[in-house]
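The structure appears right after this line, and notes come after that.
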Amino acid sequence: MRARWTRGTGAQVPGRDGARTPVRLGAAELGAALGDRATLVQFSSAFCQPCRATRRILAEVSAMVGGVAHVEIDAEQHLDLVRALGIEKTPTVLVLDAAGTVVRRAAGLPRKADVIGALGAAV
């Protein structure tokens, strides 16, 4: 199934003033440093065939675009994060801006051109 891109995560947390703010992810949550310009976060599972193809596509894009990091997260090993972000299937790809805010999200196998297009919202 081809990935369908949406804006942000939909996951928000209440702030001190009661206003809801978008979730930001950092090195502590991801287990790796954010990219200088953007980060491609891939949630995968061990027996997911589309996850392998997604890994290759995201690695190629991050190698092509300077300042973009690719971080792969095993969904089964990070269930709290999966639940907090509303991840329902693998692969799911999040595009984070330099501050770690999710600006785009897709579930399913993404096309390389669509990943590059989604990066435009982050850089």
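Simple scheme: letters A, B, ... for chains in structure tokens order, numbers from 1 for residues in each chain, numbers from 1 for ligands in the order shown.
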
Excluding A:Arg37 and its own-chain neighbours fewer than 4 positions away, which residues fall within 6 Å of it when counting only C-alpha atoms? Please give them as a PDB file with C-alpha atoms, in the first residue's frame.
```pdb
ATOM      1  CA  GLY A  67      21.420  18.093   7.174  1.00  0.00           C
ATOM      2  CA  VAL A  68      18.735  15.389   7.102  1.00  0.00           C
ATOM      3  CA  ALA A  98      15.066  21.048  13.057  1.00  0.00           C
ATOM      4  CA  VAL A 123      13.421  22.703   5.760  1.00  0.00           C
TER       5      VAL A 123
END
```

* To do: Write down as a list in words the residues of stretch 22-96 of chain A whose backbone DSSP state falls under strand (DSSP E).
  =>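 Put together, the selection reads Pro22, Ala38, Thr39, Leu40, Val41, Gln42, Phe43, Ser44, Val68, Ala69, His70, Val71, Glu72, Ile73, Asp74, Thr92, Val93, Leu94, Val95 and Leu96 of chain A.
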
Take the residues from that selection and put them in a file with N, CA and C atoms, as a tab-separated table (two decimals), in the first residue's frame.
```tsv
chain	number	residue	atom	x	y	z
A	22	PRO	N	1.80	20.99	19.93
A	22	PRO	CA	2.26	19.79	19.22
A	22	PRO	C	3.39	19.09	19.98
A	38	ALA	N	16.41	18.58	9.27
A	38	ALA	CA	15.20	17.76	9.41
A	38	ALA	C	15.60	16.34	9.79
A	39	THR	N	14.60	15.58	10.26
A	39	THR	CA	14.83	14.19	10.63
A	39	THR	C	13.68	13.34	10.08
A	40	LEU	N	14.04	12.23	9.45
A	40	LEU	CA	13.06	11.25	8.98
A	40	LEU	C	13.03	10.13	10.01
A	41	VAL	N	11.90	9.97	10.69
A	41	VAL	CA	11.76	8.95	11.72
A	41	VAL	C	10.87	7.84	11.17
A	42	GLN	N	11.41	6.63	11.16
A	42	GLN	CA	10.70	5.47	10.64
A	42	GLN	C	10.38	4.51	11.77
A	43	PHE	N	9.09	4.20	11.95
A	43	PHE	CA	8.68	3.17	12.90
A	43	PHE	C	8.51	1.88	12.11
A	44	SER	N	9.24	0.83	12.53
A	44	SER	CA	9.29	-0.44	11.82
A	44	SER	C	9.00	-1.59	12.76
A	68	VAL	N	19.91	16.22	6.81
A	68	VAL	CA	18.74	15.39	7.10
A	68	VAL	C	19.22	14.06	7.66
A	69	ALA	N	18.68	13.69	8.82
A	69	ALA	CA	19.03	12.42	9.46
A	69	ALA	C	17.89	11.43	9.28
A	70	HIS	N	18.23	10.14	9.29
A	70	HIS	CA	17.23	9.07	9.23
A	70	HIS	C	17.39	8.25	10.51
A	71	VAL	N	16.29	8.12	11.26
A	71	VAL	CA	16.28	7.35	12.50
A	71	VAL	C	15.21	6.28	12.38
A	72	GLU	N	15.60	5.02	12.60
A	72	GLU	CA	14.63	3.93	12.57
A	72	GLU	C	14.37	3.46	13.99
A	73	ILE	N	13.09	3.31	14.32
A	73	ILE	CA	12.68	2.90	15.66
A	73	ILE	C	11.90	1.60	15.56
A	74	ASP	N	12.28	0.61	16.36
A	74	ASP	CA	11.56	-0.65	16.42
A	74	ASP	C	10.29	-0.42	17.24
A	92	THR	N	5.54	3.51	9.51
A	92	THR	CA	5.02	4.87	9.63
A	92	THR	C	6.23	5.78	9.64
A	93	VAL	N	6.17	6.85	8.85
A	93	VAL	CA	7.28	7.80	8.73
A	93	VAL	C	6.81	9.15	9.24
A	94	LEU	N	7.62	9.75	10.12
A	94	LEU	CA	7.39	11.10	10.59
A	94	LEU	C	8.50	11.99	10.05
A	95	VAL	N	8.15	13.18	9.61
A	95	VAL	CA	9.14	14.17	9.19
A	95	VAL	C	9.17	15.24	10.27
A	96	LEU	N	10.33	15.39	10.90
A	96	LEU	CA	10.51	16.39	11.95
A	96	LEU	C	11.29	17.57	11.41
```

Residues near A:Val61, anyone? I mean within 12 Å using only C-alpha atoms, not counting same-chain ones fewer than 2 positions away, as a CSV table (one decimal) with C-alpha atoms, in the first residue's frame.
```
chain,number,residue,atom,x,y,z
A,38,ALA,CA,15.2,17.8,9.4
A,39,THR,CA,14.8,14.2,10.6
A,40,LEU,CA,13.1,11.3,9.0
A,54,THR,CA,11.1,2.2,3.4
A,55,ARG,CA,14.5,2.0,5.2
A,56,ARG,CA,16.3,2.0,1.8
A,57,ILE,CA,14.3,4.9,0.5
A,58,LEU,CA,14.8,7.1,3.6
A,59,ALA,CA,18.5,6.3,3.7
A,63,ALA,CA,22.1,10.9,1.9
A,64,MET,CA,21.0,13.2,-0.9
A,65,VAL,CA,19.7,16.1,1.2
A,66,GLY,CA,22.3,17.7,3.5
A,67,GLY,CA,21.4,18.1,7.2
A,68,VAL,CA,18.7,15.4,7.1
A,69,ALA,CA,19.0,12.4,9.5
A,70,HIS,CA,17.2,9.1,9.2
A,110,PRO,CA,6.4,6.0,0.7
A,111,ARG,CA,7.6,7.0,-2.7
A,112,LYS,CA,11.0,8.7,-2.9
A,113,ALA,CA,9.5,11.8,-4.6
A,114,ASP,CA,6.9,12.1,-1.9
A,115,VAL,CA,9.5,11.9,0.9
A,116,ILE,CA,11.5,14.7,-0.8
A,117,GLY,CA,8.3,16.7,-1.1
A,118,ALA,CA,7.4,16.2,2.6
A,119,LEU,CA,10.8,17.4,3.6
```

* To do: Extract, using only C-alpha atoms, all DNA, RNA and protein residues at most 7 Å from A:Pro50, discarding same-chain residues fewer than 2 positions from it, and format them as a PyMOL selection string.
  => chain A and resi 48+52-54+91+109

* One decimal, Å: what's the distance from atom CA of A:Val102 over to atom CA of A:Cys51, could you say? => 19.8 Å

Fewer than 5 positions away in the same chain doesn't count, so skip those; otherwise give me all residues within 7 Å of A:Val103, counting only C-alpha atoms, as a PDB file with N, CA, C and O atoms, in the first residue's frame.
```
ATOM      1  N   ARG A   7      -0.529  16.180   7.573  1.00  0.00           N
ATOM      2  CA  ARG A   7       0.223  17.176   8.335  1.00  0.00           C
ATOM      3  C   ARG A   7       0.308  16.769   9.795  1.00  0.00           C
ATOM      4  O   ARG A   7      -0.686  16.383  10.382  1.00  0.00           O
ATOM      5  N   GLY A   8       1.510  16.909  10.368  1.00  0.00           N
ATOM      6  CA  GLY A   8       1.704  16.703  11.800  1.00  0.00           C
ATOM      7  C   GLY A   8       1.287  15.338  12.304  1.00  0.00           C
ATOM      8  O   GLY A   8       1.024  14.426  11.555  1.00  0.00           O
ATOM      9  N   VAL A  95       8.147  13.180   9.612  1.00  0.00           N
ATOM     10  CA  VAL A  95       9.137  14.170   9.191  1.00  0.00           C
ATOM     11  C   VAL A  95       9.171  15.236  10.266  1.00  0.00           C
ATOM     12  O   VAL A  95       8.156  15.878  10.544  1.00  0.00           O
ATOM     13  N   LEU A  96      10.330  15.390  10.901  1.00  0.00           N
ATOM     14  CA  LEU A  96      10.510  16.385  11.952  1.00  0.00           C
ATOM     15  C   LEU A  96      11.292  17.566  11.410  1.00  0.00           C
ATOM     16  O   LEU A  96      12.231  17.382  10.629  1.00  0.00           O
ATOM     17  N   ASP A  97      10.942  18.764  11.858  1.00  0.00           N
ATOM     18  CA  ASP A  97      11.757  19.926  11.504  1.00  0.00           C
ATOM     19  C   ASP A  97      12.989  19.952  12.412  1.00  0.00           C
ATOM     20  O   ASP A  97      13.181  19.046  13.236  1.00  0.00           O
ATOM     21  N   ALA A 121       8.349  20.731   3.819  1.00  0.00           N
ATOM     22  CA  ALA A 121       7.618  21.352   4.922  1.00  0.00           C
ATOM     23  C   ALA A 121       8.508  21.541   6.159  1.00  0.00           C
ATOM     24  O   ALA A 121       8.171  22.316   7.039  1.00  0.00           O
ATOM     25  N   ALA A 122       9.629  20.829   6.191  1.00  0.00           N
ATOM     26  CA  ALA A 122      10.497  20.875   7.372  1.00  0.00           C
ATOM     27  C   ALA A 122      11.714  21.763   7.197  1.00  0.00           C
ATOM     28  O   ALA A 122      12.248  22.286   8.165  1.00  0.00           O
TER      29      ALA A 122
END
```

* Asked: Which residue out of A:Ala27, A:Asp80, A:Glu88, A:Gly120 has the minimum interatomic distance to A:Ala106 when only C-alpha atoms are used?
  ->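 Smallest distance to A:Ala106 is found for A:Glu88.
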
* To do: Return as a ChimeraX atom specification the full set of residues in chain A whose backbone-based DSSP assignment is helix (DSSP H, G or I).
  => /A:27-30,49-64,75-77,79-85,112-119

* Asked: Please, what distance in Å, to one decimal, runs between atom CA of A:Leu34 and atom CA of A:Arg4?
  -> 23.7 Å

* So, counting only C-alpha atoms, which residue among A:Asp36, A:Ala3, A:Ser45, A:Arg24 is closest to A:Thr90? ->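 Checking each of A:Asp36, A:Ala3, A:Ser45, A:Arg24 against A:Thr90, counting only C-alpha atoms, the winner is A:Ser45.
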
* What is the distance, in Å and to one decimal place, between atom CA of A:Ala107 and atom CA of A:Leu85? ->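 For atom CA of A:Ala107 relative to atom CA of A:Leu85, the distance reads 12.4 Å.
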